[in-house]
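Have a look at the structure below before the remarks.
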Amino acid sequence: MKELKVLAVVVFFTLVTYWGVEPFAHSVMHKHVEGHNFAYSDINASNVKGDPAKGKAAISACTACHGIKSQGIKAPMDPVTAANTYGVNPPDLSNAGAIYDEKFLIAFMQDPAHAAIAKKMAMPPIMAGNAQGAADIAAYLKSIAPKELTPKEAFVTACGRCHANRYGKWTQIGDVPKTKGNIKTGNDVALEQFKINVAKYQDKLADYMGKLPPDLSIISRARSKEYLETFVENPQSHLKGTAMPRVGITKEGFEKVYAYLESTGDPSKPKREKTGPWVLGFFLIFTFLAYGWYKSQWKGLK
Amino acid sequence: MAHFDPNARPFSHKWLNERLAIDTLKRVLSTEYWIPKNINFLWAMGMVLAATFGMLLISGIFLLMYYVPTTKEAFDSVNYTIMSQVGYGWLWRHIHGVAASVVFLIIYIHMFTGIYYGSYKRGREMIWISGMLLFVTFSAEAFSGYMLPWGQMSYWAGMVITNLFSLGSLHLNGLVEWIRGDYVPGQAFLSRFFMLHVLLMPLIIIGLIVLHFGTLRIPHVNNKDGEEFDFEAEAEKWKAGHRKESKVIPFNPVFLSKDVFVLGIYFMFFFYLVFYHFEFAMDPVNFDPANGLKTPPHIYPEWYFLWSYEILRPFSKNVGLIWFGFAQVIFFLLPFLDRSPNVAPANRRGIFKIWFWLLLIDMVGLTIMGKLPPVDPWSKFGTVFAYTFIALWFALPFITKMEKPVGGK
């Protein structure tokens, strides 16, 4: 019994120290930002009803810069040329309707920089005409979007033109291609050329954004989910003046993106959860047997 | 020339005994190495530390096979290669990271156990001093290891700690550059800390562990009451079969059986942390790659260095460095600053009892304040804790000099 009291004292001081240097210290160091569940309440919901058919007819206003692969519309420029022209590659719109908040999309098409809370945007305002035109195009994008995106598709659509993910083999201009090197020289010219294109793209992107946006391979270990969620919802809430635009994704869209970030940032999670109980179970049995040995050795000693 | 039986079968018991004295070794090191019976689970912390060091060594060997000590590849070799490409690499890394943190928790428990029961006194000074040398070398080992993932906290902690060697207004920038091998932490810096971490420090630590065990031999392990008795006579009682009357037990198997039980409980705690709660040992800031152009908003050491870091912070540059140096060496002097001849648990030693609990609370306070940003009210609390720490050590010789002899034992 005396030993349990000693143990209680040890545990008490250990827990106080732990509480102080972990939960408490982090709560003091990081300001709390309230999340709003991706409601984008500063944007007024449009009361006009979008017509997908009209949106489809008007889509050429968009496809001058954007591709829509799922509809057989190719991007007018390759990513590097696009970055040379605009600073960043305009996104393919195939999946846009599945991940962006509709109200945000409508506001964005009318005034991109304003909706994104960004100082500048390569996309000029009022591309879609008036609110009705924007609503029509948003309705069209929604009508062609797949019902369900994979986590990677969500990441690529929402983040992938500015952020690389080297652990996921993603660069700002696409997946690292599978190439074959020359077996006699060890050179892989195709891969080197791809790397040069990535470098050219990144240089332009860094000029456009002010710095090269960070690789997101293990951002899920470097920042808490709560931080990432509130940051993506409104980057200015954490980093005043950051060039990162508000991208306007929905709550479900964010969860998809986060699932991808976690899969590259913490790939051992499933294995950890599988192995853990076995190891703990082993030591439970170990301790049980050791207790028996201890009791037998100390029998009659006191 | 010793006698060797020509008929002894090679590697038979007799053959080995003639050459290696295995019976004597076994007796001296284990079955007749006497430990007091009057002990509690805190006496198992030495074994827990040895086991944790073993975990660090084994997991470290596995990590060493894939870690690449270059500024370009170190980060990804840890976070990508080891964490996702190598079978169970994630397990070895988490064991290594958690053990590096937990080993200090156990070291502190071990130290405060020694202080509480007076296990550094009268004949046991060398146990204490060799233990403190282990604390210092473990600190160097932990710091050098923290550089290796080459994340933001590696880089900036490396910058801040090596800067301390300019010794304030002495401006020994040449010394700092010599330590770094460069003006700022870079390849030379990473290579030499890698060498320190995987070779020199572990060699010294292993040597010191042997010394630490050796220092226990003559004064013997202390007991819960600080009671001094004749180990030889008590051992004779045990050997004569008076196990209940004897005050000692043999290391193997009696003491060991309790150690192994405590180890079992410890490993459940340890592996719970490894699988379900490892974040505390791996600071999020270090998952951003090192960037010399971007200082993190908060730079702080790992939790086990925070108390001495907080003694540095509240003062002006030079004064802070002096007290920081004071904090590093003062524990070594404990056997000489404690002037009382009493070897007894702190709760029987009058004012020393208060001194002990104040020191413990003060160091927990320093640790917590050391992580918080240096703004009010935290820096005010930190200053009070730092002054209290210094005052406690200056008061120690006086309060122990006045201490009344503890009767009875």
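Letters A, B, ... go to the chains of the structure tokens in the order shown; residues in each chain start at 1; ligands are counted from 1 in the same order.
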
Next on the checklist: Could you list, as a list in words, every residue within 9 Å of range 342-351 of chain B, counting only C-alpha atoms and ignoring same-chain residues fewer than 2 positions away?
Outcome noted: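 Residues near the query, excluding close chain neighbours: Ile115, Tyr116, Tyr117, Gly118, Ser119, Tyr120, Lys121, Arg122, Lys224, Asp225, Gly226, Glu227, Glu228, Arg339, Ser340, Lys353, Ile354, Trp355, Phe356, Ile399, Thr400, Glu403, Lys404, Pro405, Val406 and Lys409 of chain B.
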
With N, CA and C atoms kept, could you save the residues just selected as a compact mmCIF listing (two decimals), in the first residue's frame?
# COMPACT_ATOMS: atom_id res chain seq x y z
N ILE B 115 18.06 11.86 -3.88
CA ILE B 115 18.08 13.02 -2.99
C ILE B 115 17.19 12.77 -1.77
N TYR B 116 16.01 12.19 -2.01
CA TYR B 116 15.06 11.99 -0.92
C TYR B 116 15.63 11.06 0.15
N TYR B 117 16.23 9.95 -0.29
CA TYR B 117 16.71 8.96 0.68
C TYR B 117 18.16 9.19 1.11
N GLY B 118 18.77 10.30 0.64
CA GLY B 118 20.15 10.60 1.05
C GLY B 118 21.16 9.61 0.51
N SER B 119 20.92 9.12 -0.71
CA SER B 119 21.77 8.05 -1.25
C SER B 119 23.06 8.57 -1.86
N TYR B 120 23.39 9.85 -1.61
CA TYR B 120 24.61 10.44 -2.17
C TYR B 120 25.64 10.67 -1.07
N LYS B 121 25.29 10.24 0.16
CA LYS B 121 26.09 10.66 1.31
C LYS B 121 27.03 9.58 1.84
N ARG B 122 28.04 10.03 2.55
CA ARG B 122 28.95 9.19 3.31
C ARG B 122 29.28 7.87 2.63
N LYS B 224 15.49 2.11 2.39
CA LYS B 224 14.43 3.09 2.68
C LYS B 224 14.66 3.89 3.94
N ASP B 225 15.42 3.33 4.92
CA ASP B 225 15.63 4.05 6.18
C ASP B 225 17.03 4.63 6.30
N GLY B 226 17.86 4.46 5.27
CA GLY B 226 19.23 4.92 5.35
C GLY B 226 20.01 4.15 6.40
N GLU B 227 19.52 2.96 6.74
CA GLU B 227 20.13 2.18 7.81
C GLU B 227 21.47 1.60 7.36
N GLU B 228 22.46 1.71 8.24
CA GLU B 228 23.76 1.15 7.93
C GLU B 228 23.89 -0.18 8.64
N ARG B 339 25.64 19.18 4.59
CA ARG B 339 26.63 19.07 5.66
C ARG B 339 26.17 18.16 6.79
N SER B 340 24.95 17.64 6.70
CA SER B 340 24.44 16.82 7.78
C SER B 340 24.96 15.38 7.65
N LYS B 353 13.42 18.37 4.74
CA LYS B 353 12.18 17.87 4.13
C LYS B 353 11.52 18.98 3.29
N ILE B 354 11.45 20.17 3.88
CA ILE B 354 10.86 21.30 3.16
C ILE B 354 11.72 21.64 1.95
N TRP B 355 13.05 21.60 2.14
CA TRP B 355 13.98 21.91 1.05
C TRP B 355 13.73 20.98 -0.13
N PHE B 356 13.59 19.70 0.17
CA PHE B 356 13.40 18.71 -0.90
C PHE B 356 12.15 18.99 -1.71
N ILE B 399 21.15 24.96 6.27
CA ILE B 399 20.07 24.21 6.91
C ILE B 399 20.52 22.79 7.27
N THR B 400 21.43 22.22 6.50
CA THR B 400 21.88 20.87 6.83
C THR B 400 22.89 20.89 7.98
N GLU B 403 21.00 20.79 11.13
CA GLU B 403 20.12 19.63 11.28
C GLU B 403 20.49 18.79 12.49
N LYS B 404 19.46 18.38 13.25
CA LYS B 404 19.71 17.54 14.43
C LYS B 404 19.95 16.11 13.97
N PRO B 405 20.78 15.37 14.72
CA PRO B 405 20.99 13.97 14.34
C PRO B 405 19.67 13.20 14.40
N VAL B 406 19.45 12.36 13.40
CA VAL B 406 18.25 11.53 13.40
C VAL B 406 18.54 10.31 14.26
N LYS B 409 18.37 4.98 14.14
CA LYS B 409 19.08 4.18 13.15
C LYS B 409 20.53 4.65 13.01

Next on the checklist: Tell me as a PyMOL selection string which residues belonging to chain B come within 7 Å of chain A, counting only C-alpha atoms.
Outcome noted: chain B and resi 40-41+80+83-84+90+243-244+254+257-258+260-261+264-265+267-268+271+275+280+284-285+287-288+303+364+368+371-373

Can you build me a table of range 83-179 of chain A residues sitting at most 9 Å from range 53-72 of chain A, with the closest atom pair per residue and its distance in Å to one decimal, using only C-alpha atoms, sorted by chain and residue number, as a tab-separated table?
residue	atom	partner	partner_atom	distance
A:Asn89	CA	A:His66	CA	8.7
A:Pro90	CA	A:His66	CA	5.7
A:Pro91	CA	A:His66	CA	6.1
A:Asp92	CA	A:Gly67	CA	4.8
A:Leu93	CA	A:Ile68	CA	5.0
A:Ser94	CA	A:Ile68	CA	4.9
A:Asn95	CA	A:Ser70	CA	8.5
A:Met127	CA	A:Ala61	CA	6.6
A:Ala128	CA	A:Ala61	CA	6.9
A:Gly133	CA	A:Gly55	CA	7.0
A:Ala134	CA	A:Gly55	CA	8.0
A:Ala135	CA	A:Gly55	CA	7.8
A:Asp136	CA	A:Gly55	CA	4.3
A:Ile137	CA	A:Gly55	CA	3.9
A:Ala138	CA	A:Gly55	CA	7.3
A:Ala139	CA	A:Gly55	CA	6.8
A:Tyr140	CA	A:Gly55	CA	5.2
A:Leu141	CA	A:Gly55	CA	8.0
A:Ile144	CA	A:Ser70	CA	8.0
A:Ala145	CA	A:Ser70	CA	8.6

Next on the checklist: Write out as a ChimeraX atom specification the set of residues from range 3-240 of chain A that DSSP, computed on the backbone, places in helix (DSSP H, G or I).
Outcome noted: /A:3-29,52-58,60-63,69-71,79-86,96-99,102-110,112-116,131-144,151-158,166-168,189-209,219-222,225-233,235-237

Write out as a compact mmCIF listing (two decimals) with C-alpha atoms, in the first residue's frame which residues come within 8 Å of Arg161 in chain A when counting only C-alpha atoms, dropping same-chain ones fewer than 3 positions away.
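Output file selection-v9.txt follows:
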# COMPACT_ATOMS: atom_id res chain seq x y z
CA VAL A 88 0.03 30.06 -61.97
CA ASN A 89 -1.66 27.32 -63.96
CA PRO A 91 -7.12 24.74 -62.75
CA VAL A 156 -5.07 18.14 -56.56
CA THR A 157 -8.13 20.30 -57.34
CA ALA A 164 3.71 19.95 -54.12
CA THR A 171 4.38 18.23 -58.20
CA GLN A 172 2.63 21.48 -59.07
CA ILE A 173 2.56 20.39 -62.73

Item to check | Of the listed residues B:Phe394, B:Phe278, B:Trp128, B:Phe324, that which approaches Leu208 in chain B most closely, counting only C-alpha atoms | outcome: B:Trp128

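For the pair CA of Gly174 in chain A and CA of Leu191 in chain A, the separation is 12.8 Å.
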
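Each of B:Val48, B:Ile179, B:Leu25, B:Leu211 was compared to Ile109 in chain B using only C-alpha atoms, and B:Val48 turns out to be the nearest.
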
Next on the checklist: To test your reading of the structure, identify every residue in range 44-223 of chain A that backbone DSSP assigns to strand (DSSP E), and report it as a list in words.
Outcome noted: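 Strand (DSSP E) members of range 44-223 of chain A, listed: Trp170, Thr171, Gly174 and Asp175 of chain A.
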
Please produce a file of those selected residues containing N, CA and C atoms, as an mmCIF file, in the first residue's frame.
data_model
loop_
_atom_site.group_PDB
_atom_site.id
_atom_site.type_symbol
_atom_site.label_atom_id
_atom_site.label_comp_id
_atom_site.auth_asym_id
_atom_site.auth_seq_id
_atom_site.Cartn_x
_atom_site.Cartn_y
_atom_site.Cartn_z
ATOM 1 N N TRP A 170 3.600 14.070 -55.977
ATOM 2 C CA TRP A 170 2.854 15.094 -56.703
ATOM 3 C C TRP A 170 3.694 16.362 -56.823
ATOM 4 N N THR A 171 3.755 16.917 -58.020
ATOM 5 C CA THR A 171 4.381 18.227 -58.197
ATOM 6 C C THR A 171 3.290 19.188 -58.652
ATOM 7 N N GLY A 174 1.868 18.178 -61.934
ATOM 8 C CA GLY A 174 1.289 16.848 -62.113
ATOM 9 C C GLY A 174 2.103 15.780 -61.405
ATOM 10 N N ASP A 175 1.659 14.521 -61.550
ATOM 11 C CA ASP A 175 2.375 13.418 -60.923
ATOM 12 C C ASP A 175 3.765 13.271 -61.526
#

Checklist entry - Near range 116-123 of chain A, within 9 Å and counting only C-alpha atoms, which residues show up once chain neighbours fewer than 6 positions away are dropped, as an NGL selection string? => result :A and (86-88 or 90 or 104 or 108-109 or 208 or 234-236 or 241-248)

Go ahead and dump the residues you just picked, N, CA, C and O atoms, as a compact mmCIF listing (two decimals), in the first residue's frame.
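Result file follows (selection-v4.txt):
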# COMPACT_ATOMS: atom_id res chain seq x y z
N TYR A 86 0.32 33.56 -66.69
CA TYR A 86 -0.52 34.06 -65.59
C TYR A 86 0.18 34.07 -64.22
O TYR A 86 -0.34 34.65 -63.27
N GLY A 87 1.30 33.36 -64.11
CA GLY A 87 1.94 33.21 -62.80
C GLY A 87 1.63 31.87 -62.18
O GLY A 87 2.39 31.34 -61.38
N VAL A 88 0.46 31.35 -62.51
CA VAL A 88 0.03 30.06 -61.97
C VAL A 88 -0.83 29.39 -63.03
O VAL A 88 -1.39 30.06 -63.89
N PRO A 90 -4.02 27.87 -64.50
CA PRO A 90 -5.46 27.86 -64.19
C PRO A 90 -5.95 26.41 -64.04
O PRO A 90 -5.56 25.56 -64.83
N PHE A 104 -19.76 30.37 -52.81
CA PHE A 104 -18.42 30.92 -52.96
C PHE A 104 -18.06 31.01 -54.45
O PHE A 104 -17.55 32.02 -54.91
N PHE A 108 -16.99 34.18 -56.44
CA PHE A 108 -15.63 34.15 -56.97
C PHE A 108 -15.62 34.55 -58.44
O PHE A 108 -14.77 35.32 -58.89
N MET A 109 -16.56 34.02 -59.19
CA MET A 109 -16.57 34.32 -60.62
C MET A 109 -16.83 35.78 -60.89
O MET A 109 -16.42 36.31 -61.92
N TYR A 208 4.82 34.90 -58.46
CA TYR A 208 3.39 35.25 -58.39
C TYR A 208 2.92 35.33 -56.93
O TYR A 208 2.20 36.24 -56.53
N ASN A 234 -10.01 30.28 -43.78
CA ASN A 234 -9.64 31.67 -44.01
C ASN A 234 -8.17 31.87 -43.62
O ASN A 234 -7.86 32.08 -42.46
N PRO A 235 -7.26 31.81 -44.61
CA PRO A 235 -5.83 31.90 -44.32
C PRO A 235 -5.46 33.15 -43.51
O PRO A 235 -4.56 33.11 -42.67
N GLN A 236 -6.18 34.25 -43.75
CA GLN A 236 -5.84 35.49 -43.05
C GLN A 236 -6.04 35.38 -41.54
O GLN A 236 -5.45 36.14 -40.78
N GLY A 241 -1.99 38.79 -44.00
CA GLY A 241 -1.18 39.24 -45.13
C GLY A 241 -0.64 38.12 -45.99
O GLY A 241 0.05 38.38 -46.97
N THR A 242 -0.94 36.88 -45.64
CA THR A 242 -0.43 35.78 -46.47
C THR A 242 -1.00 35.85 -47.88
O THR A 242 -2.13 36.31 -48.09
N ALA A 243 -0.20 35.38 -48.84
CA ALA A 243 -0.65 35.40 -50.24
C ALA A 243 -1.59 34.24 -50.54
O ALA A 243 -2.21 34.20 -51.59
N MET A 244 -1.68 33.29 -49.61
CA MET A 244 -2.55 32.15 -49.88
C MET A 244 -4.00 32.60 -49.94
O MET A 244 -4.51 33.25 -49.02
N PRO A 245 -4.68 32.31 -51.04
CA PRO A 245 -6.08 32.73 -51.17
C PRO A 245 -7.01 31.82 -50.36
O PRO A 245 -6.66 30.68 -50.05
N ARG A 246 -8.15 32.36 -50.01
CA ARG A 246 -9.21 31.50 -49.50
C ARG A 246 -9.71 30.69 -50.69
O ARG A 246 -10.13 31.27 -51.70
N VAL A 247 -9.66 29.35 -50.59
CA VAL A 247 -10.01 28.57 -51.77
C VAL A 247 -11.49 28.22 -51.82
O VAL A 247 -12.00 27.79 -52.85
N GLY A 248 -12.20 28.37 -50.71
CA GLY A 248 -13.66 28.21 -50.75
C GLY A 248 -14.15 26.77 -50.84
O GLY A 248 -15.20 26.52 -51.43

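Taking CA of Thr367 in chain B and CA of Phe336 in chain B as the two end points, the separation is 25.8 Å.
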
Item to check | Among listed residues B:Pro250, B:Pro6, B:Gly168, B:Pro297, nearest Glu234 in chain B (using only C-alpha atoms) | outcome: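 Using only C-alpha atoms, Glu234 in chain B sits closest to B:Pro250.
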